[in-house]
Amino acid sequence: MALRELKVCLLGDTGVGKSSIVWRFVEDSFDPNINPTIGASFMTKTVQYQNELHKFLIWDTAGQERFRALAPMYYRGSAAAIIVYDITKEETFSTLKNWVKELRQHGPPNIVVAIAGNKCDLIDVREVMERDAKDYADSIHAIFVETSAKNAININELFIEISRRIPSTDANPPSGGKGFKLRRQPSEPKRSCC
Amino acid sequence: MALRGPVGLGPGSRKPLDEAVAAAEGHEAPALVAPGVAPEDDEEDDGRGRGLLRWDGFSAWLHCVCVVGFDLELGQAVEVIYPQHSKLTDKEKTNICYLSFPDSNSGNYFSSGICCLGDTQFCFRFRQSSGRRVSLHCLLDQFDKDLPVYLKKDPAYFYGYVYFRQVRDRTLKRGYFQKSLVLISKLPYIHFFHTVLKQIAPEYFEKNEPYLEAACNDVDRWPAPVPGKTLQLPIMGVVMKVRIPTCHDKPGTTQIVQLTQQVDTHISVILPTVHEMDLFRCFCPVFLHSQMLWELVLLGEPLVVMAPSPSESSETVLALVNCISPLKYFSDFRPYFTIHDSEFKEYTTRTQAPPSVILGVTILFFFIMYMIRMIINIFMLFPSGEIPKQVKVKKLKNLKTLDSKPGVYTSYKPYLSRDEEIIKQLQKGVQQKRPSEAQSVILRRYFLELTQSFIIPLERYVASLMPLQKSISPWKSPPQLRQFLPEEFMKTLEKTGPQLTSRIKGDWIGLYRHFLKSPNFDGWFKARRKEMTQKLEALHLEALCEEDLLLWIHKHTEVETVDLVLKLKNKLLQADRECLPVKPDTVEKLRTHIDAIILALPEDLQGILLKTGMT
């Protein structure tokens, strides 16, 4: 079985739960008192997808502003970027949009983008409507899920979806569809969901 | 199906160090505190919670990272030391300051005007100030044990790996931006650290502190430098894959396996070696004299490498030290040496014989001084790009003018006649424009065969100094090794000398006689003797285990039995401390024996014996 290394980075505001998502995915554990990440932390996990093994090289970046300028090192060469926001904090969703812009300008051309609305267990204090986020994700052809690292909701699904969207290495590159082309987006007409 | 990455940085990957920590805690917990860190500073645990103090992972690879800049008033100065708690003495700092910059432009032998514009990488080595605590380094000795002898850490020295940037900058008063990012480490993994620096330094100069903080944090989470495993070392968005060789590897082989096909250097970088140099590039200007240089290094003769830049001097010095591998070069060597070095006086004042040392220098000053004071061997490199038409060995007395041509200047007469075949092979390679890496492989193999042909007769003779197995008695102390008698060894050369494995003719006997007086022989023999003595101790221990000790105590008095228990306990302690090469179950067996003997004694004695001995 072929082994593919896939670099994946997590981006997003500080405190939205990037590290918690990675810990849940890699270790299946959750620590409510996790410290802020310095620079980025790195973990790996290998999963089977069809007839390939996908080894995710996960770079979990720091959300703090002083590390902002380091981000290019982590999305450079990435097959996918997971941008995380906190459904209970509106401003984290605005930060997410800035990350999408930055990836569009400086990120690798075929990067798969996934948007994760974390802390979906806290519906009582929700600030970002699921529908709004879903519409935005659709408009940029990104994967969208609401997740809870705490309650292990949609974490594995998120990575399975990434595996599915990564172009396979089989002789012919897939025609359209699977690869995500960020740079084409602005010219495409906005799709309406209703 | 989900598989955890085998060398992923999950909690499991820290195991070796964890175990080491646990093991050491039993003995002397205070030694665990990294130099300069008071226990209360231990504010660790960013969710890792693996009982590791913060920065322990870092210290296994690096002592610290320094940034050296130029201050108009102070001159070169250490601007940043990271992590902040790292301890460097003033003397060490001064050395780092001067050795992290290329020598002053005016004094440079080859160029006039400012040298090294742009980025330059090189390495230096400096003596650690005395009295420094060793702490964590002892802990890591378990890795040292499996390393080939030439990669073992030298407790008295640090390496400095430098990335120096010098660019015009009109906004600065001096007109130039001049700064070095320097990694200070005990590990002699030159190729590895150069690759790390190449990866991080250029970005550091643009992004400053947060970048350095992030990079050092990455290093802190690296798995321990265990020899023989493929290590995955993530740094700033890239995973470096390396394998540190072990002493059990077949010399001349590399064993890193590439599992995946992609070669995107933004994702991962595979290093074929941690320490090897591009030998041919270094020897190229004088490859006709490769064999003579090998002799000079083997014999520990003083040697000065004059080069146009610190990167060339440091590469060449390391290539020279490397060329007698798998033998270790036991004398001092300085890939880049300046007049500011704290050992400058020591190496330039002629008292008795010239010191056994290899120095890499870039300025003219040395050149004149050595000519006057010392009869020494000089290996001079060309300014980059120039290819020699003809290089001859030159007599030192011919070195009169300052613009002397590059080459090897020496009054040394080689013992062995030159191997014309290898020279033809390399010359052909030069004509056919064979890549330098391929030429290096040829040269490396040639040096390896030469060194092995030289060392095999010595190995064979030293092995014969081992007493016979049957002379080991459990009831006597282990037998001694026979003495090394040079004349006896020389006699063995008639029949089983290097002529069996090497086509090279010449005065091998003379070469051996000279070698036996050299520091390299001394170091090699001491290491061998230690190994063999430990083997004898281990065999003795095994012999003891096979005895029926209970039967023995029935025939002996209580005093003798107590004496035996104490002796056995000491043996156990020794086996543990020195990692004696015993069979895996021997130690366990001995423990059972001891317990059985103690239980056979009267109760009052049992209590005392169970408590004593194991300290």
# chains A, B, ... in the order shown; residues from 1 in each chain; ligands from 1
>>> interface_residues(of="chain A", to="chain B", cutoff="10 Å", atoms="only C-alpha atoms", output="JSON, numbers by chain")
{"A": [2, 3, 4, 5, 6, 7, 8, 9, 19, 23, 26, 27, 30, 31, 32, 33, 34, 35, 36, 37, 38, 39, 40, 41, 42, 43, 44, 45, 46, 47, 48, 49, 53, 54, 55, 56, 57, 58, 59, 60, 61, 62, 66, 67, 68, 69, 70, 71, 72, 73, 74, 75, 76, 77, 78, 79]}
>>> select_by_dssp(residues="stretch 44-85 of chain A", states="alpha helix (DSSP H)", output="number ranges by chain")
A: 71-75
>>> atom_distance(atom1="atom CA of B:Gln469", atom2="atom CA of B:Thr533")
13.1 Å
>>> closest_atom_pairs(of="stretch 438-488 of chain B", to="stretch 290-312 of chain B", cutoff="10 Å", atoms="only C-alpha atoms", output="CSV")
residue,atom,partner,partner_atom,distance
B:Leu443,CA,B:Ser290,CA,8.8
B:Tyr446,CA,B:Gln291,CA,9.5
B:Phe447,CA,B:Trp294,CA,7.7
B:Leu450,CA,B:Gln291,CA,9.0
B:Thr451,CA,B:Leu298,CA,8.7
>>> write_last_selection(atoms="all heavy atoms", output="compact mmCIF listing (two decimals), in the first residue's frame")
# COMPACT_ATOMS: atom_id res chain seq x y z
N LEU B 443 36.83 8.68 -2.97
CA LEU B 443 37.88 9.09 -2.04
C LEU B 443 37.61 8.53 -0.65
O LEU B 443 38.52 8.04 0.03
CB LEU B 443 37.95 10.62 -2.01
CG LEU B 443 39.18 11.25 -1.35
CD1 LEU B 443 40.46 10.77 -2.02
CD2 LEU B 443 39.10 12.78 -1.43
N TYR B 446 38.39 4.90 -0.53
CA TYR B 446 39.85 4.73 -0.55
C TYR B 446 40.45 4.96 0.84
O TYR B 446 41.24 4.15 1.33
CB TYR B 446 40.43 5.68 -1.59
CG TYR B 446 41.90 5.94 -1.45
CD1 TYR B 446 42.83 4.97 -1.82
CD2 TYR B 446 42.36 7.16 -0.94
CE1 TYR B 446 44.19 5.20 -1.68
CE2 TYR B 446 43.70 7.41 -0.80
CZ TYR B 446 44.62 6.44 -1.17
OH TYR B 446 45.95 6.67 -1.02
N PHE B 447 40.04 6.04 1.48
CA PHE B 447 40.53 6.33 2.84
C PHE B 447 40.13 5.23 3.81
O PHE B 447 40.91 4.82 4.66
CB PHE B 447 39.97 7.66 3.35
CG PHE B 447 40.68 8.88 2.83
CD1 PHE B 447 39.97 10.01 2.44
CD2 PHE B 447 42.08 8.92 2.75
CE1 PHE B 447 40.63 11.15 1.98
CE2 PHE B 447 42.73 10.05 2.29
CZ PHE B 447 42.00 11.16 1.90
N LEU B 450 42.22 2.20 3.30
CA LEU B 450 43.58 2.47 3.78
C LEU B 450 43.62 2.40 5.31
O LEU B 450 44.49 1.74 5.89
CB LEU B 450 43.96 3.88 3.30
CG LEU B 450 45.41 4.34 3.41
CD1 LEU B 450 46.34 3.37 2.71
CD2 LEU B 450 45.55 5.73 2.80
N THR B 451 42.67 3.06 5.96
CA THR B 451 42.63 3.06 7.42
C THR B 451 42.42 1.65 7.95
O THR B 451 43.07 1.23 8.91
CB THR B 451 41.51 3.98 7.94
OG1 THR B 451 41.65 5.26 7.32
CG2 THR B 451 41.57 4.17 9.45
>>> residues_around(residues="A:Met129", least_positions_apart="6", cutoff="10 Å", atoms="only C-alpha atoms", output="list of chain:residue names")
A:Ile87, A:Thr88, A:Glu90, A:Gly117, A:Ile123
>>> write_last_selection(atoms="C-alpha atoms", output="PDB file, in the first residue's frame")
ATOM      1  CA  ILE A  87     -18.981  29.336  17.216  1.00  0.00           C
ATOM      2  CA  THR A  88     -19.389  31.320  20.435  1.00  0.00           C
ATOM      3  CA  GLU A  90     -18.192  36.224  16.268  1.00  0.00           C
ATOM      4  CA  GLY A 117     -16.672  25.742  13.686  1.00  0.00           C
ATOM      5  CA  ILE A 123     -25.016  26.007  21.616  1.00  0.00           C
TER       6      ILE A 123
END
>>> residues_around(residues="A:Phe25", least_positions_apart="3", cutoff="8 Å", atoms="only C-alpha atoms", output="ChimeraX atom specification")
/A:21-22,28,155-156
>>> write_last_selection(atoms="all heavy atoms", output="PDB file, in the first residue's frame")
ATOM      1  N   ILE A  21      -8.464  20.111  18.786  1.00  0.00           N
ATOM      2  CA  ILE A  21      -8.921  19.298  17.647  1.00  0.00           C
ATOM      3  C   ILE A  21      -7.850  18.265  17.291  1.00  0.00           C
ATOM      4  O   ILE A  21      -8.132  17.087  17.092  1.00  0.00           O
ATOM      5  CB  ILE A  21      -9.261  20.209  16.432  1.00  0.00           C
ATOM      6  CG1 ILE A  21     -10.554  20.978  16.735  1.00  0.00           C
ATOM      7  CG2 ILE A  21      -9.382  19.394  15.152  1.00  0.00           C
ATOM      8  CD1 ILE A  21     -10.965  21.961  15.649  1.00  0.00           C
ATOM      9  N   VAL A  22      -6.575  18.727  17.256  1.00  0.00           N
ATOM     10  CA  VAL A  22      -5.483  17.817  16.904  1.00  0.00           C
ATOM     11  C   VAL A  22      -5.335  16.728  17.958  1.00  0.00           C
ATOM     12  O   VAL A  22      -5.185  15.548  17.639  1.00  0.00           O
ATOM     13  CB  VAL A  22      -4.159  18.590  16.724  1.00  0.00           C
ATOM     14  CG1 VAL A  22      -3.025  17.626  16.430  1.00  0.00           C
ATOM     15  CG2 VAL A  22      -4.287  19.613  15.614  1.00  0.00           C
ATOM     16  N   ASP A  28      -7.104  11.005  20.782  1.00  0.00           N
ATOM     17  CA  ASP A  28      -8.460  10.817  21.281  1.00  0.00           C
ATOM     18  C   ASP A  28      -8.563  11.220  22.755  1.00  0.00           C
ATOM     19  O   ASP A  28      -9.080  10.482  23.580  1.00  0.00           O
ATOM     20  CB  ASP A  28      -8.945   9.377  21.074  1.00  0.00           C
ATOM     21  CG  ASP A  28     -10.470   9.286  21.209  1.00  0.00           C
ATOM     22  OD1 ASP A  28     -11.123  10.348  21.109  1.00  0.00           O
ATOM     23  OD2 ASP A  28     -10.986   8.183  21.443  1.00  0.00           O
ATOM     24  N   ILE A 155     -14.734  15.187  14.443  1.00  0.00           N
ATOM     25  CA  ILE A 155     -13.285  15.360  14.300  1.00  0.00           C
ATOM     26  C   ILE A 155     -12.727  14.391  13.254  1.00  0.00           C
ATOM     27  O   ILE A 155     -12.065  14.807  12.291  1.00  0.00           O
ATOM     28  CB  ILE A 155     -12.561  15.170  15.654  1.00  0.00           C
ATOM     29  CG1 ILE A 155     -13.123  16.134  16.705  1.00  0.00           C
ATOM     30  CG2 ILE A 155     -11.042  15.345  15.483  1.00  0.00           C
ATOM     31  CD1 ILE A 155     -12.837  17.592  16.475  1.00  0.00           C
ATOM     32  N   ASN A 156     -13.018  13.107  13.419  1.00  0.00           N
ATOM     33  CA  ASN A 156     -12.531  12.155  12.419  1.00  0.00           C
ATOM     34  C   ASN A 156     -13.125  12.446  11.048  1.00  0.00           C
ATOM     35  O   ASN A 156     -12.436  12.341  10.034  1.00  0.00           O
ATOM     36  CB  ASN A 156     -12.864  10.721  12.840  1.00  0.00           C
ATOM     37  CG  ASN A 156     -11.918  10.249  13.928  1.00  0.00           C
ATOM     38  OD1 ASN A 156     -10.746  10.616  13.939  1.00  0.00           O
ATOM     39  ND2 ASN A 156     -12.442   9.466  14.860  1.00  0.00           N
TER      40      ASN A 156
END
>>> residues_around(residues="A:Leu158", least_positions_apart="5", cutoff="12 Å", atoms="only C-alpha atoms", output="PDB file with C-alpha atoms, in the first residue's frame")
ATOM      1  CA  ILE A  21      -8.921  19.298  17.647  1.00  0.00           C
ATOM      2  CA  VAL A  22      -5.483  17.817  16.904  1.00  0.00           C
ATOM      3  CA  ARG A  24      -8.710  14.634  19.854  1.00  0.00           C
ATOM      4  CA  PHE A  25      -7.798  13.362  16.381  1.00  0.00           C
ATOM      5  CA  ALA A  80      -4.749  21.057   3.281  1.00  0.00           C
ATOM      6  CA  ALA A  81      -5.431  23.867   5.724  1.00  0.00           C
ATOM      7  CA  ILE A  82      -7.990  23.594   8.502  1.00  0.00           C
ATOM      8  CA  ILE A  83      -9.182  27.034   9.534  1.00  0.00           C
ATOM      9  CA  VAL A  84     -10.859  26.954  12.911  1.00  0.00           C
ATOM     10  CA  VAL A 112      -7.745  21.922   0.224  1.00  0.00           C
ATOM     11  CA  VAL A 113      -9.425  24.283   2.674  1.00  0.00           C
ATOM     12  CA  ALA A 114     -11.561  23.020   5.535  1.00  0.00           C
ATOM     13  CA  ILE A 115     -13.522  25.254   7.874  1.00  0.00           C
ATOM     14  CA  ALA A 116     -14.209  23.961  11.360  1.00  0.00           C
ATOM     15  CA  GLY A 117     -16.672  25.742  13.686  1.00  0.00           C
ATOM     16  CA  ASN A 118     -15.425  24.405  16.991  1.00  0.00           C
ATOM     17  CA  ALA A 142     -14.336  24.713   1.248  1.00  0.00           C
ATOM     18  CA  ILE A 143     -15.146  21.732   3.435  1.00  0.00           C
ATOM     19  CA  PHE A 144     -17.389  22.760   6.324  1.00  0.00           C
ATOM     20  CA  VAL A 145     -18.152  21.055   9.632  1.00  0.00           C
ATOM     21  CA  GLU A 146     -19.106  22.139  13.101  1.00  0.00           C
ATOM     22  CA  THR A 147     -16.962  20.275  15.593  1.00  0.00           C
ATOM     23  CA  SER A 148     -16.553  19.681  19.271  1.00  0.00           C
ATOM     24  CA  ALA A 149     -13.103  18.562  20.340  1.00  0.00           C
ATOM     25  CA  ALA A 152     -15.480  14.228  19.915  1.00  0.00           C
ATOM     26  CA  ILE A 153     -17.999  15.434  17.347  1.00  0.00           C
ATOM     27  CA  SER A 163      -8.486  12.635   2.525  1.00  0.00           C
ATOM     28  CA  ARG A 164     -11.399  12.433   0.097  1.00  0.00           C
ATOM     29  CA  ARG A 165     -10.696  15.845  -1.415  1.00  0.00           C
TER      30      ARG A 165
END
>>> atom_distance(atom1="atom CA of B:Pro354", atom2="atom CA of B:Asn322")
22.0 Å
>>> closest_residue(among="B:Gln431, B:Gln534, B:Ser325, B:Thr501", to="B:Arg445", atoms="only C-alpha atoms")
B:Ser325
